[in-house]
Structures are given as C-alpha cells and as structure tokens.
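Okay, so here's the structure we're looking at.
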Amino acid sequence: MLDIVIAARKASISANLAVNRILPFRMRRMVGPFIFMDHAGPVQAPPSEARELDVLPHPHIGLSTVSYLFGGAVTHRDSLGVEQVIKPGEVNWMTAGSGISHSERFEDPSVLAGGQLEMIQTWVALPEKDEETPPSFHNYSPDQLPVFTDTGLWMRLIAGNAYGLQSQVHTHSPMFYLHVVLDAGTRFGLPKEHSERGVYVAKGSVEAGGHTYGQGNLLVFSKGVDPLIVAREEATLMLLGGEPLGNRYIWWNFVSSRKERIEQAKEDWKQGRILLPPTDNDTFIPLPEDKSRPSDPPPEVLS
C-alpha cells in the first residue's frame, strides 16, 4: 500500500531560519512533478532577530516555486520587479523557467513575536518543453481557490484538479495540491485520477494501513491502491502529486532535465547574468562552493 514514508529532516535556509525538509529525499526525489518541499514554523523570534530570518536574493531555473502560508506574512520580491506580500490562504506561484531571482523577507515584527509565521514551500518541476519558458509570477487570492466542506472535513484545492474540483492556478503538467483539515475520526480517501500521490502530515496524526503517522511524515502511495486515511486527532494535511515528468537533476536552487543546463546556471549566477530584484539588490546569496555533481545528492537547497 505505502510506497515509502519520508520523515522530515532539519535544514537551514537563512542565518536563523530552520525548516523541516521533506523533499528531495535520497530514496525518493519526486512525487509527481513535486521535487521539493519545506515546512517552516511556527516561527517565534524577537524583532531584533527578524533580519536574520530573511532569505536573501537567490536564483532558480527549471521550476515553479509555490508558497502557501498557514499563518503570518512574507514579502516576496523578484527580478521581474514584483513585490508581493503573501498572507494565509493565498498562493504565490513563481515560474522560474529560463531564470529568475527572488527574496523572501519577514517584515512584520509582530508576526514573529507572536509565533504566527508558518508556511509550506514546494517546487514543481517543469516539463522539458517548458523548462526555458520566460519567468513569471502570480499571486492567487483565497476566493480564486475552490473550497469543499463536509462533516469533519475542510479542504482547499491550491492547484490542479482533484475530487471534481479545478483550481484557477495555471500549471504546466497534470497535478494536484490540497490543504486539508480533518476532525478526529474522519475517514478520507485520496484522489484517484493521479498516478503518484503523497500525504504530508503538517499537524496532528493519521492512520493508514493499520499504522499511525504523526507530524512531519510524508506518506507516498503506490499507483493503483486506494488507501483510507483516518484522522487519529484533528489533523492538517497537504496532499500533493500528479503525473511523473521523468528524471530531473537538482543542485542548490536549480532543476533541469540536463546536467549541462545546471552548469550554465551556476555560471550565469556567478557572472550576474541572472538579475537581482530591483528593489532588493544590495546583497544576495553567492553560489555555494561546488563539491558535488548535479547527479549527486544535492547540498542544502535554498527556497
């Protein structure tokens, strides 16, 4: 029934911001087109430490970053000139394509002091035909995202299609991504229209196949099975998956179907050919020292 269970590992994405890293994992790089998943927070910090949490400008190619908040606020700035504060229930969907840089800053000290900041960021790899698409950014408000409720169940479809719902978020390949909240005892089945499916337990615990899985576990299910998820207590889940895209290389913030494209992206960042955000260009994250090849397990990846 279960293909694999992936337990989150600790990682750092800025000077003082630790996250739970779920994907990529050595034994399972992707679930459908999803190649990266981080869960940050809840974060609590005094106002004096806010700057140390910021993720400075850094580059991406060959993917879309998807930011979704449970609480708090994050300011996004990118090399297209976009400046967008994302709030809970919204989606920031940034397609890097041929190359983009962006920063993520936490500019509301009251959010940090109150321990309200909590977010999920995923990366969706692009099909080969779209890997060099021009970069773009879109913010989607909650009223653009379908919501379904039933006894003991609430869910928001962030992207793709599932359970007869269709999101307005533009995607490049067949996929689904949902925020689900279950009351204790609620039984829940996974969408059947996608071949690769994962359930990340963000809060609480669930039972599947006679075993209980708590917060920080990603359950990946084999194709063709119809698992039943039972909430052992109130649980918040992120469901994700879709159709596989084939092999992808990942190194730092770069994703591509071709090793040589990642090497080009490294040089482009070093030489300043990927521009910085025009309103956030005083500093940036330099290219890490390269001690691995794109086919090796990647170094710590920055969101």
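Chain identifiers are assigned as A, B, and so on, following the order in which chains appear in the structure tokens; residues are numbered from 1 within each chain, and ligands are numbered from 1 in order of appearance.
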
With a cut-off of 8 Å, could you pull out the residues of range 113-228 of chain A touching range 1-23 of chain A and give me the nearest pair of atoms for each, distance in Å to one decimal, using only C-alpha atoms, ordered by chain and ascending number, as CSV?
residue,atom,partner,partner_atom,distance
A:Gly209,CA,A:Met1,CA,7.3
A:Gly216,CA,A:Ala8,CA,5.3
A:Asn217,CA,A:Ala7,CA,4.6
A:Leu218,CA,A:Ile6,CA,5.0
A:Leu219,CA,A:Val5,CA,4.7
A:Val220,CA,A:Ile4,CA,5.4
A:Phe221,CA,A:Leu2,CA,4.6
A:Ser222,CA,A:Asp3,CA,5.1
A:Val225,CA,A:Met1,CA,6.2
A:Pro227,CA,A:Met1,CA,7.1

message = So that I can check the secondary structure, give me every residue of range 72-157 of chain A assigned helix (DSSP H, G or I) by backbone DSSP, as a VMD selection string.
response = chain A and resid 109 to 113 128 to 130 142 to 144

Prev. selection, C-alpha atoms, output as a PDB file, in the first residue's frame:
ATOM      1  CA  PRO A 109       7.910  42.037  13.698  1.00  0.00           C
ATOM      2  CA  SER A 110       4.554  41.448  15.414  1.00  0.00           C
ATOM      3  CA  VAL A 111       4.026  38.293  13.346  1.00  0.00           C
ATOM      4  CA  LEU A 112       7.354  36.860  14.502  1.00  0.00           C
ATOM      5  CA  ALA A 113       6.924  37.928  18.117  1.00  0.00           C
ATOM      6  CA  GLU A 128      11.071  19.620 -20.689  1.00  0.00           C
ATOM      7  CA  LYS A 129       9.237  21.745 -23.264  1.00  0.00           C
ATOM      8  CA  ASP A 130       8.637  24.447 -20.620  1.00  0.00           C
ATOM      9  CA  PRO A 142      -8.350  32.691  -1.447  1.00  0.00           C
ATOM     10  CA  ASP A 143     -11.529  33.386  -3.419  1.00  0.00           C
ATOM     11  CA  GLN A 144      -9.793  32.019  -6.542  1.00  0.00           C
TER      12      GLN A 144
END

Quiz item: Mind checking DSSP for range 50-195 of chain A and telling me the strand (DSSP E or B) residues as a PyMOL selection string?
Solution: chain A and resi 55-61+63-71+74-78+83-86+91-95+100-105+117-125+136-140+147-150+153-162+165-166+175-182+187-189

Proximity check range 160-256 of chain A to range 38-50 of chain A, 12 Å, nearest pairs one decimal Å, only C-alpha atoms, as CSV:
residue,atom,partner,partner_atom,distance
A:Tyr200,CA,A:His39,CA,9.9
A:Val201,CA,A:His39,CA,10.4
A:Ala202,CA,A:His39,CA,7.9
A:Lys203,CA,A:His39,CA,10.9
A:Gln215,CA,A:His39,CA,10.8
A:Gly216,CA,A:His39,CA,8.5
A:Asn217,CA,A:His39,CA,11.1
A:Leu218,CA,A:Asp38,CA,11.3
A:Leu237,CA,A:His39,CA,11.8
A:Met238,CA,A:His39,CA,10.5

Discussion item. Report as a ChimeraX atom specification all protein, DNA and RNA residues lying within 9 Å of Leu228 in chain A, evaluated on only C-alpha atoms, omitting residues in the same chain fewer than 3 positions from it.
Written reply: /A:187-190,207-209

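The coordinates place CA of Ile86 in chain A at 5.7 Å from CA of Ala73 in chain A.
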
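Proximity ranking of A:Ala184, A:Val31, A:Leu287, A:Ile120 relative to Phe254 in chain A places A:Leu287 first, based on only C-alpha atoms.
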
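Residue nearest Pro59 in chain A within the list A:Gly89, A:Gly81, A:Pro134, A:Pro286: A:Pro286 [criterion: smallest interatomic distance, only C-alpha atoms].
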
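The space between CA of Thr122 in chain A and CA of Gly272 in chain A spans 25.7 Å.
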
Q: Find the spatial neighbours of range 260-269 of chain A, counting only C-alpha atoms, within a cut-off of 9 Å - ignore same-chain residues fewer than 3 positions away - and output them as a VMD selection string.
A: chain A and resid 58 to 61 99 249 to 251 254 to 257 272 to 275 286 to 287 294

Using the selection just defined, write its residues with C-alpha atoms as a PDB file, in the first residue's frame.
ATOM      1  CA  HIS A  58      18.875  33.801  -4.850  1.00  0.00           C
ATOM      2  CA  PRO A  59      18.280  32.249  -8.302  1.00  0.00           C
ATOM      3  CA  HIS A  60      16.113  29.481  -9.754  1.00  0.00           C
ATOM      4  CA  ILE A  61      15.741  27.750 -13.121  1.00  0.00           C
ATOM      5  CA  GLY A  99      15.987  32.086 -14.846  1.00  0.00           C
ATOM      6  CA  TYR A 249      18.762  16.851 -11.767  1.00  0.00           C
ATOM      7  CA  ILE A 250      18.726  19.183  -8.788  1.00  0.00           C
ATOM      8  CA  TRP A 251      21.620  21.215  -7.458  1.00  0.00           C
ATOM      9  CA  PHE A 254      18.485  24.722  -9.943  1.00  0.00           C
ATOM     10  CA  VAL A 255      16.353  21.971 -11.510  1.00  0.00           C
ATOM     11  CA  SER A 256      16.762  20.652 -15.044  1.00  0.00           C
ATOM     12  CA  SER A 257      16.459  17.557 -17.216  1.00  0.00           C
ATOM     13  CA  GLY A 272      25.494  38.311 -12.794  1.00  0.00           C
ATOM     14  CA  ARG A 273      23.529  37.227 -15.839  1.00  0.00           C
ATOM     15  CA  ILE A 274      20.511  36.428 -13.643  1.00  0.00           C
ATOM     16  CA  LEU A 275      19.405  39.832 -12.443  1.00  0.00           C
ATOM     17  CA  PRO A 286      26.550  33.635  -3.538  1.00  0.00           C
ATOM     18  CA  LEU A 287      26.891  30.346  -5.361  1.00  0.00           C
ATOM     19  CA  PRO A 294      24.216  17.536 -10.356  1.00  0.00           C
TER      20      PRO A 294
END

Fewer than 5 positions away in the same chain doesn't count, so skip those; otherwise give me all residues within 7 Å of Arg105 in chain A, counting only C-alpha atoms, as a count of residues only.
5

Find the spatial neighbours of Thr95 in chain A, counting only C-alpha atoms, within a cut-off of 7 Å - ignore same-chain residues fewer than 3 positions away - and output them as a PDB file with C-alpha atoms, in the first residue's frame.
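File part11.pdb, as written:
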ATOM      1  CA  LEU A  63      10.795  25.018 -11.833  1.00  0.00           C
ATOM      2  CA  SER A  64       7.889  26.842 -10.232  1.00  0.00           C
ATOM      3  CA  THR A  65       8.079  27.785  -6.553  1.00  0.00           C
ATOM      4  CA  PRO A 135       9.863  33.696 -15.910  1.00  0.00           C
ATOM      5  CA  SER A 136       6.563  34.838 -14.416  1.00  0.00           C
ATOM      6  CA  PHE A 137       4.846  35.463 -11.091  1.00  0.00           C
TER       7      PHE A 137
END

Using only C-alpha atoms, the shortest atom-to-atom distance to Gly114 in chain A among A:Leu276, A:Ile285, A:Gly71, A:Leu245 belongs to A:Gly71

Q) Which residues come within 8 Å of range 166-180 of chain A, counting only C-alpha atoms, excluding same-chain residues fewer than 3 positions away, as an NGL selection string? A) :A and (32-33 or 126-127 or 130 or 140 or 144-146 or 153-162 or 194 or 236-243)

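Closest approach to Asn253 in chain A from the set A:Gly214, A:Pro278, A:Pro288, A:Gly72 is made by A:Pro288, with distances taken over only C-alpha atoms.
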
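Proximity to Lys87 in chain A was assessed for A:Pro57, A:Ser141, A:Ile35, A:Glu104 counting only C-alpha atoms; the smallest distance is recorded for A:Ser141.
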
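Note that the spacing between CA of Arg258 in chain A and CA of Thr133 in chain A amounts to 15.3 Å.
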